[in-house]
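Asker: I'd like to ask you about the structure that follows.
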Amino acid sequence: MRLVRQIMGLPISLDLPDDEQDAAERAFAWLREVDRRFSPFRDDSEVTQFDPDGPHSAEMREIVGLCETYEGLSGGAFRARLPGRGFDPSGIVKGWAAQRAGELLRAAGVTRFCLNAGGDVIAAGRTWSVGIRHPDQPMAVCAVLAVRDRAVATSGSYERGEHIFDGRTGRPARELVSLTVVAADLTTADAVSTAAFALGRDGISWAAAQPGCLVHAVDAERRVHRSAALRDLLVSPGTMA
Amino acid sequence: MRKALVIALLGIAAVLPLVRYRPAPAGAHPVAAPAPAASSSIASAPPNPPGNQSVVDGPEVDSDFGPYQVRVTFSGTRITDIALITEPGDRHSQRIANAAAPTLRQEALQAQSAHIDTVSGATATSEAYAQSLQGALDAKGH
C-alpha cells in the first residue's frame, strides 16, 4: 500500500503493508505537528518565536543541538542563523522529523516500510531500490541504490534554486548541483547532505568522512563523485527484479 | 501499458544527453497525433493504440544551462524518435554542457533500466512533484 500526503509543503510518500494504515496515520499526524510547531512560515511556530535564551521544548532543544553539532562539524558552512535572517533550522528539521516518523512506525510494529519525505528516504525491513534524481531531468535518475535499513537524503539546487548558503561566505553554494548521503538514520543523512552541499566541492570528501556515511555527488560541471563503498549499493541493470 | 510508458520515458531521459550532441533537424519527424502541451500528462497519458504513432512532449526542464524540452514519437509503446523542441540557448553554456555531459550521462544510462521503488532528490515542491518521477511512481501505486 502506498499512501501520499502533502505535509510541510512536501509530498510525503509511505509504502507499507496494507494492514498498517493506523500506524501510517499516526506518522502523518506527527509530521503535521512538526509543521505547526517548527515551520518558519507560521507566525506562531516555535521557530518563528524562537528566543535564544529559551525556554525551549524538548524537541526544540534537540533541533538546536543538531544545528550546533553540524555548524561545528562543517566549520560554519552549515548555519541555522545566517546574518540578517532569523533562526531557520529547516535544513535539519525535515530529516529529523521524518526519522522520528520512521521510529513511530517501528514502535507500532511496522518493520517493512519505505518513507519518502520530499526526497528524503528511509528504507526499512527489506531491500528497496532508491533512485537518485538526475539533477537536470525530473523524470530520470542518475543512479539506483539497493538500500536496506538505511536512509538516503539528497540536497540540490535544482528544485528550489539557490537556497542553500555557505555560512562561511553568506553566498549561495554553487559548486555542486546534487549531493546524496546514505547513512544509518535520516537525521544524519539529511544534516550531512545539507552541510556538505553548503561546503561545496570540499563537502564531498567531508561527507564521505562522516561516520557511517556514503556520498554520491554531481558537481556543477556534471562530474559524478562518490564514496568507493557506495559501489556495493549501486544497482546495475538486471541485478534486481 | 502505463508501466511500459514510464519505462519508455526513463529510456528517453537516458538518451537525452545524446540528443544534445546530435540535435535532429527540425521538421524531420512525421507525426500522426498532435503533441499534448503539458508535461504533467505524462504519468496519466492514455495508452496509444498499437501500431499507431503518437507524440509526447516531456516536461520543460530548467537546467543551469537554460530550459530544454524533448518530444518523443512512439510507435505503439516503442520509441521511434526523440527530438529537442527547446534547448539551452546560451552558446557558452551549451558548450560547457556538452563538454561535461558524458560522466553524468554514463551514470544515468546505467541507471535507467533498473527497477525503482522511490526517488531521493532535493526537496520537491508540491508543484514540481506533479512532474517528477516520484510523482509518477506514487500515481502508479509503486
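Labeling convention for the C-alpha cells: chains A, B, ... as they appear, residues from 1 per chain, ligands from 1 in order of appearance.
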Please produce, as a tab-separated table, a per-residue contact table for chain A versus chain B (criterion: any atom at most 7 Å away, only C-alpha atoms considered), showing the nearest atom pair and its distance in Å to one decimal, sorted by chain then residue number.

Answerer:
residue	atom	partner	partner_atom	distance
A:Arg2	CA	B:Gly141	CA	5.7
A:Gly9	CA	B:Ser126	CA	6.5
A:Leu10	CA	B:Ser126	CA	5.7
A:Pro11	CA	B:Ser126	CA	6.0
A:Gly118	CA	B:Thr123	CA	5.1
A:Gly119	CA	B:Ser120	CA	4.3
A:Asp120	CA	B:Ser120	CA	5.7
A:Val121	CA	B:Ser120	CA	6.3
A:Trp128	CA	B:Asp117	CA	6.2
A:Ser129	CA	B:Ile116	CA	5.1
A:Val130	CA	B:Thr118	CA	5.1
A:Gly131	CA	B:Val119	CA	4.5
A:Ile132	CA	B:Ser120	CA	5.0
A:Arg133	CA	B:Gly121	CA	5.1
A:Asp136	CA	B:Ser63	CA	5.4
A:Gln137	CA	B:Val61	CA	6.5
A:Pro138	CA	B:Ser132	CA	5.0
A:Met139	CA	B:Leu133	CA	4.5
A:Ala140	CA	B:Ala13	CA	5.5
A:Val141	CA	B:Ala108	CA	6.2
A:Cys142	CA	B:Ala108	CA	4.0
A:Ala143	CA	B:Ala111	CA	4.9
A:Val144	CA	B:Ala111	CA	5.8
A:Val152	CA	B:Ser120	CA	6.7
A:Ala153	CA	B:Ser120	CA	6.2
A:Thr154	CA	B:Gly121	CA	5.0
A:Ser155	CA	B:Ala122	CA	4.6
A:Gly156	CA	B:Ala122	CA	4.9
A:Glu159	CA	B:Ala124	CA	6.2
A:Glu221	CA	B:Ala100	CA	5.6
A:Arg222	CA	B:Ala100	CA	5.7
A:Arg223	CA	B:Thr103	CA	5.5
A:Val224	CA	B:Leu104	CA	6.0
A:Val235	CA	B:Ala114	CA	6.9
A:Ser236	CA	B:Gln110	CA	6.4
A:Pro237	CA	B:Ala114	CA	5.0
A:Gly238	CA	B:Ala114	CA	6.7
A:Met240	CA	B:His115	CA	6.8
A:Ala241	CA	B:His115	CA	6.8

Asker: Mind writing the picked residues with N, CA, C and O atoms as a short mmCIF file (atom, residue, chain, number, x, y, z; two decimals), in the first residue's frame?

Answerer:
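In the end it all went to out-v8.cif:
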data_model
loop_
_atom_site.label_atom_id
_atom_site.label_comp_id
_atom_site.auth_asym_id
_atom_site.auth_seq_id
_atom_site.Cartn_x
_atom_site.Cartn_y
_atom_site.Cartn_z
N ARG A 2 0.53 2.16 -0.88
CA ARG A 2 1.32 3.40 -0.90
C ARG A 2 0.40 4.58 -0.61
O ARG A 2 -0.57 4.81 -1.30
N GLY A 9 4.40 21.32 3.19
CA GLY A 9 4.62 21.79 1.83
C GLY A 9 5.34 20.77 0.96
O GLY A 9 5.84 21.11 -0.11
N LEU A 10 5.39 19.52 1.43
CA LEU A 10 6.13 18.49 0.71
C LEU A 10 5.25 17.28 0.44
O LEU A 10 4.38 16.95 1.25
N PRO A 11 5.51 16.58 -0.66
CA PRO A 11 4.86 15.29 -0.83
C PRO A 11 5.53 14.25 0.06
O PRO A 11 6.74 14.09 0.03
N GLY A 118 9.63 14.30 0.82
CA GLY A 118 10.20 15.31 -0.07
C GLY A 118 11.59 14.95 -0.56
O GLY A 118 12.45 15.80 -0.68
N GLY A 119 11.79 13.67 -0.85
CA GLY A 119 13.06 13.23 -1.41
C GLY A 119 14.03 12.64 -0.40
O GLY A 119 15.09 12.13 -0.78
N ASP A 120 13.69 12.73 0.89
CA ASP A 120 14.49 12.10 1.93
C ASP A 120 13.85 10.76 2.28
O ASP A 120 12.66 10.71 2.60
N VAL A 121 14.65 9.70 2.26
CA VAL A 121 14.09 8.35 2.25
C VAL A 121 14.59 7.51 3.43
O VAL A 121 15.77 7.53 3.76
N TRP A 128 15.11 -1.92 -0.66
CA TRP A 128 14.32 -1.05 -1.53
C TRP A 128 15.28 -0.43 -2.55
O TRP A 128 16.42 -0.09 -2.20
N SER A 129 14.82 -0.30 -3.77
CA SER A 129 15.70 0.34 -4.76
C SER A 129 15.38 1.83 -4.80
O SER A 129 14.26 2.24 -5.08
N VAL A 130 16.38 2.61 -4.46
CA VAL A 130 16.22 4.06 -4.33
C VAL A 130 16.98 4.75 -5.44
O VAL A 130 18.20 4.69 -5.50
N GLY A 131 16.24 5.40 -6.32
CA GLY A 131 16.89 6.16 -7.39
C GLY A 131 17.36 7.50 -6.85
O GLY A 131 16.75 8.07 -5.96
N ILE A 132 18.47 7.98 -7.39
CA ILE A 132 18.90 9.36 -7.10
C ILE A 132 18.49 10.20 -8.28
O ILE A 132 18.86 9.91 -9.42
N ARG A 133 17.69 11.24 -8.01
CA ARG A 133 17.17 12.03 -9.11
C ARG A 133 18.29 12.64 -9.95
O ARG A 133 19.28 13.14 -9.42
N ASP A 136 19.31 17.27 -13.73
CA ASP A 136 18.78 18.07 -14.84
C ASP A 136 17.46 17.56 -15.38
O ASP A 136 16.81 18.24 -16.17
N GLN A 137 17.07 16.33 -14.99
CA GLN A 137 15.90 15.71 -15.61
C GLN A 137 14.96 15.13 -14.55
O GLN A 137 15.27 14.11 -13.94
N PRO A 138 13.81 15.80 -14.32
CA PRO A 138 12.91 15.36 -13.25
C PRO A 138 12.41 13.93 -13.40
O PRO A 138 12.05 13.29 -12.43
N MET A 139 12.36 13.43 -14.63
CA MET A 139 11.82 12.09 -14.85
C MET A 139 12.91 11.03 -14.93
O MET A 139 12.63 9.89 -15.27
N ALA A 140 14.13 11.40 -14.64
CA ALA A 140 15.23 10.43 -14.76
C ALA A 140 16.01 10.32 -13.45
O ALA A 140 15.94 11.19 -12.59
N VAL A 141 16.71 9.21 -13.31
CA VAL A 141 17.62 9.05 -12.18
C VAL A 141 19.05 8.96 -12.72
O VAL A 141 19.26 8.61 -13.87
N CYS A 142 20.02 9.28 -11.86
CA CYS A 142 21.40 9.17 -12.31
C CYS A 142 22.13 8.04 -11.60
O CYS A 142 23.29 7.77 -11.88
N ALA A 143 21.44 7.38 -10.67
CA ALA A 143 21.98 6.18 -10.03
C ALA A 143 20.82 5.50 -9.31
O ALA A 143 19.83 6.16 -8.96
N VAL A 144 20.93 4.22 -9.11
CA VAL A 144 19.95 3.49 -8.30
C VAL A 144 20.71 2.69 -7.25
O VAL A 144 21.68 1.99 -7.57
N VAL A 152 18.48 7.68 3.00
CA VAL A 152 19.12 8.37 1.88
C VAL A 152 18.55 9.79 1.80
O VAL A 152 17.33 9.97 1.75
N ALA A 153 19.42 10.78 1.81
CA ALA A 153 18.96 12.17 1.67
C ALA A 153 19.77 12.89 0.61
O ALA A 153 20.96 12.63 0.46
N THR A 154 19.10 13.75 -0.12
CA THR A 154 19.76 14.48 -1.21
C THR A 154 19.53 15.98 -1.04
O THR A 154 18.42 16.42 -0.77
N SER A 155 20.60 16.74 -1.21
CA SER A 155 20.48 18.20 -1.28
C SER A 155 20.87 18.63 -2.67
O SER A 155 21.75 18.05 -3.29
N GLY A 156 20.17 19.64 -3.18
CA GLY A 156 20.49 20.10 -4.53
C GLY A 156 19.94 21.48 -4.77
O GLY A 156 19.17 22.02 -3.96
N GLU A 159 15.69 22.15 -7.49
CA GLU A 159 14.27 22.32 -7.23
C GLU A 159 13.92 23.73 -6.79
O GLU A 159 13.03 24.36 -7.32
N GLU A 221 29.95 20.95 -13.05
CA GLU A 221 30.40 20.54 -14.39
C GLU A 221 29.84 19.18 -14.77
O GLU A 221 30.24 18.60 -15.78
N ARG A 222 28.94 18.67 -13.94
CA ARG A 222 28.26 17.39 -14.19
C ARG A 222 29.22 16.20 -14.12
O ARG A 222 29.02 15.20 -14.79
N ARG A 223 30.23 16.32 -13.28
CA ARG A 223 31.04 15.15 -12.99
C ARG A 223 30.46 14.47 -11.76
O ARG A 223 29.97 15.13 -10.85
N VAL A 224 30.53 13.15 -11.75
CA VAL A 224 29.96 12.38 -10.65
C VAL A 224 31.08 11.94 -9.70
O VAL A 224 32.11 11.43 -10.14
N VAL A 235 22.94 -0.38 -8.05
CA VAL A 235 22.23 -1.40 -8.80
C VAL A 235 22.59 -1.24 -10.26
O VAL A 235 22.40 -0.18 -10.84
N SER A 236 23.13 -2.29 -10.83
CA SER A 236 23.35 -2.23 -12.27
C SER A 236 22.20 -2.96 -12.94
O SER A 236 21.56 -3.80 -12.32
N PRO A 237 21.94 -2.63 -14.19
CA PRO A 237 20.76 -3.21 -14.86
C PRO A 237 20.72 -4.73 -14.73
O PRO A 237 21.70 -5.41 -14.93
N GLY A 238 19.57 -5.23 -14.35
CA GLY A 238 19.41 -6.67 -14.33
C GLY A 238 19.73 -7.35 -13.01
O GLY A 238 19.46 -8.53 -12.85
N MET A 240 18.38 -6.53 -10.13
CA MET A 240 17.21 -6.59 -9.25
C MET A 240 15.97 -6.89 -10.07
O MET A 240 15.88 -6.49 -11.21
N ALA A 241 15.05 -7.58 -9.46
CA ALA A 241 13.82 -7.91 -10.18
C ALA A 241 12.99 -6.67 -10.38
O ALA A 241 13.04 -5.76 -9.58
#

Asker: For a test of reading the model, state the distance in Å between CA of Asp44 (chain A) and CA of Ala195 (chain A), rounded to one decimal.

Answerer: 27.3 Å

Asker: Could you tell me how far CA of Ala77 (chain A) sits from CA of Lys94 (chain A), in Å to one decimal place?

Answerer: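 Distance reported for this atom pair: 18.7 Å.
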
Asker: Among region 93-223 of chain A, which residues does DSSP mark as helix (DSSP H, G or I) when it is run on the backbone? Keep the chain and numbering as in the structure and answer as a PyMOL selection string.

Answerer: chain A and resi 93-107+186-199+201-209

Asker: Could you pull out all residues of region 6-150 of chain A with a DSSP call of strand (DSSP E) and give them as number ranges by chain?

Answerer: A: 6-7, 10-15, 113-117, 120-124, 128-134, 137-147, 150

Asker: For the selection just defined, write its residues with N, CA and C atoms to a file, as a short mmCIF file (atom, residue, chain, number, x, y, z; two decimals), in the first residue's frame.

Answerer:
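Listing of again-v6.cif after writing:
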data_model
loop_
_atom_site.label_atom_id
_atom_site.label_comp_id
_atom_site.auth_asym_id
_atom_site.auth_seq_id
_atom_site.Cartn_x
_atom_site.Cartn_y
_atom_site.Cartn_z
N GLN A 6 0.33 15.54 1.54
CA GLN A 6 1.07 16.79 1.41
C GLN A 6 1.19 17.41 2.80
N ILE A 7 2.39 17.38 3.35
CA ILE A 7 2.61 17.92 4.69
C ILE A 7 3.91 18.73 4.67
N LEU A 10 5.39 19.52 1.43
CA LEU A 10 6.13 18.49 0.71
C LEU A 10 5.25 17.28 0.44
N PRO A 11 5.51 16.58 -0.66
CA PRO A 11 4.86 15.29 -0.83
C PRO A 11 5.53 14.25 0.06
N ILE A 12 4.71 13.59 0.90
CA ILE A 12 5.23 12.53 1.76
C ILE A 12 4.63 11.22 1.27
N SER A 13 5.47 10.31 0.87
CA SER A 13 5.01 9.04 0.33
C SER A 13 5.44 7.92 1.27
N LEU A 14 4.47 7.06 1.60
CA LEU A 14 4.78 5.97 2.53
C LEU A 14 4.28 4.65 1.96
N ASP A 15 5.21 3.73 1.78
CA ASP A 15 4.89 2.40 1.27
C ASP A 15 5.00 1.44 2.44
N PHE A 113 8.92 -0.88 5.60
CA PHE A 113 8.30 0.31 5.01
C PHE A 113 9.34 1.12 4.26
N CYS A 114 8.83 1.98 3.39
CA CYS A 114 9.69 2.94 2.70
C CYS A 114 9.01 4.30 2.82
N LEU A 115 9.67 5.20 3.53
CA LEU A 115 9.12 6.54 3.74
C LEU A 115 9.94 7.53 2.91
N ASN A 116 9.24 8.33 2.12
CA ASN A 116 9.93 9.34 1.32
C ASN A 116 9.32 10.70 1.64
N ALA A 117 10.08 11.51 2.35
CA ALA A 117 9.60 12.84 2.75
C ALA A 117 10.29 13.89 1.89
N ASP A 120 13.69 12.73 0.89
CA ASP A 120 14.49 12.10 1.93
C ASP A 120 13.85 10.76 2.28
N VAL A 121 14.65 9.70 2.26
CA VAL A 121 14.09 8.35 2.25
C VAL A 121 14.59 7.51 3.43
N ILE A 122 13.66 6.77 4.04
CA ILE A 122 14.04 5.69 4.96
C ILE A 122 13.60 4.38 4.30
N ALA A 123 14.54 3.46 4.14
CA ALA A 123 14.24 2.16 3.52
C ALA A 123 14.41 1.09 4.59
N ALA A 124 13.28 0.52 5.04
CA ALA A 124 13.33 -0.37 6.20
C ALA A 124 12.75 -1.75 5.91
N TRP A 128 15.11 -1.92 -0.66
CA TRP A 128 14.32 -1.05 -1.53
C TRP A 128 15.28 -0.43 -2.55
N SER A 129 14.82 -0.30 -3.77
CA SER A 129 15.70 0.34 -4.76
C SER A 129 15.38 1.83 -4.80
N VAL A 130 16.38 2.61 -4.46
CA VAL A 130 16.22 4.06 -4.33
C VAL A 130 16.98 4.75 -5.44
N GLY A 131 16.24 5.40 -6.32
CA GLY A 131 16.89 6.16 -7.39
C GLY A 131 17.36 7.50 -6.85
N ILE A 132 18.47 7.98 -7.39
CA ILE A 132 18.90 9.36 -7.10
C ILE A 132 18.49 10.20 -8.28
N ARG A 133 17.69 11.24 -8.01
CA ARG A 133 17.17 12.03 -9.11
C ARG A 133 18.29 12.64 -9.95
N HIS A 134 18.11 12.58 -11.25
CA HIS A 134 19.04 13.25 -12.16
C HIS A 134 18.90 14.76 -11.95
N GLN A 137 17.07 16.33 -14.99
CA GLN A 137 15.90 15.71 -15.61
C GLN A 137 14.96 15.13 -14.55
N PRO A 138 13.81 15.80 -14.32
CA PRO A 138 12.91 15.36 -13.25
C PRO A 138 12.41 13.93 -13.40
N MET A 139 12.36 13.43 -14.63
CA MET A 139 11.82 12.09 -14.85
C MET A 139 12.91 11.03 -14.93
N ALA A 140 14.13 11.40 -14.64
CA ALA A 140 15.23 10.43 -14.76
C ALA A 140 16.01 10.32 -13.45
N VAL A 141 16.71 9.21 -13.31
CA VAL A 141 17.62 9.05 -12.18
C VAL A 141 19.05 8.96 -12.72
N CYS A 142 20.02 9.28 -11.86
CA CYS A 142 21.40 9.17 -12.31
C CYS A 142 22.13 8.04 -11.60
N ALA A 143 21.44 7.38 -10.67
CA ALA A 143 21.98 6.18 -10.03
C ALA A 143 20.82 5.50 -9.31
N VAL A 144 20.93 4.22 -9.11
CA VAL A 144 19.95 3.49 -8.30
C VAL A 144 20.71 2.69 -7.25
N LEU A 145 20.27 2.83 -6.00
CA LEU A 145 20.94 2.16 -4.89
C LEU A 145 20.02 1.12 -4.28
N ALA A 146 20.58 -0.02 -3.94
CA ALA A 146 19.83 -1.05 -3.20
C ALA A 146 20.06 -0.78 -1.72
N VAL A 147 19.01 -0.35 -1.03
CA VAL A 147 19.17 0.14 0.33
C VAL A 147 18.28 -0.66 1.28
N ARG A 150 18.57 1.58 5.98
CA ARG A 150 19.38 2.79 5.96
C ARG A 150 18.54 3.94 5.39
#

Asker: Between CA of Ser227 (chain A) and CA of Ala189 (chain A), what is the distance in Å, rounded to a tenth?

Answerer: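 Value for the CA of Ser227 (chain A)-CA of Ala189 (chain A) distance: 14.2 Å.
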
Asker: Using only C-alpha atoms, which protein or nucleic acid residues come within 10 Å of Leu176 (chain A)? Drop anything in the same chain fewer than 6 positions from it, and give the result as a ChimeraX atom specification.

Answerer: /A:155-157,196-204,217-224

Asker: For the residues in that selection, give me C-alpha atoms as a PDB file, in the first residue's frame.

Answerer:
ATOM      1  CA  SER A 155      20.479  18.199  -1.278  1.00  0.00           C
ATOM      2  CA  GLY A 156      20.485  20.098  -4.527  1.00  0.00           C
ATOM      3  CA  SER A 157      19.892  23.402  -6.196  1.00  0.00           C
ATOM      4  CA  ALA A 196      28.138  19.051   2.634  1.00  0.00           C
ATOM      5  CA  PHE A 197      26.212  20.868  -0.079  1.00  0.00           C
ATOM      6  CA  ALA A 198      26.952  24.170   1.679  1.00  0.00           C
ATOM      7  CA  LEU A 199      30.646  23.208   1.802  1.00  0.00           C
ATOM      8  CA  GLY A 200      30.695  22.775  -1.980  1.00  0.00           C
ATOM      9  CA  ARG A 201      33.356  20.624  -3.569  1.00  0.00           C
ATOM     10  CA  ASP A 202      35.100  20.129  -0.214  1.00  0.00           C
ATOM     11  CA  GLY A 203      31.821  18.744   1.083  1.00  0.00           C
ATOM     12  CA  ILE A 204      32.193  15.559  -0.951  1.00  0.00           C
ATOM     13  CA  ALA A 217      27.659  13.951  -5.704  1.00  0.00           C
ATOM     14  CA  VAL A 218      27.290  15.719  -9.042  1.00  0.00           C
ATOM     15  CA  ASP A 219      29.315  18.894  -9.412  1.00  0.00           C
ATOM     16  CA  ALA A 220      28.385  21.943 -11.471  1.00  0.00           C
ATOM     17  CA  GLU A 221      30.401  20.540 -14.395  1.00  0.00           C
ATOM     18  CA  ARG A 222      28.264  17.393 -14.190  1.00  0.00           C
ATOM     19  CA  ARG A 223      31.044  15.148 -12.991  1.00  0.00           C
ATOM     20  CA  VAL A 224      29.963  12.379 -10.647  1.00  0.00           C
TER      21      VAL A 224
END
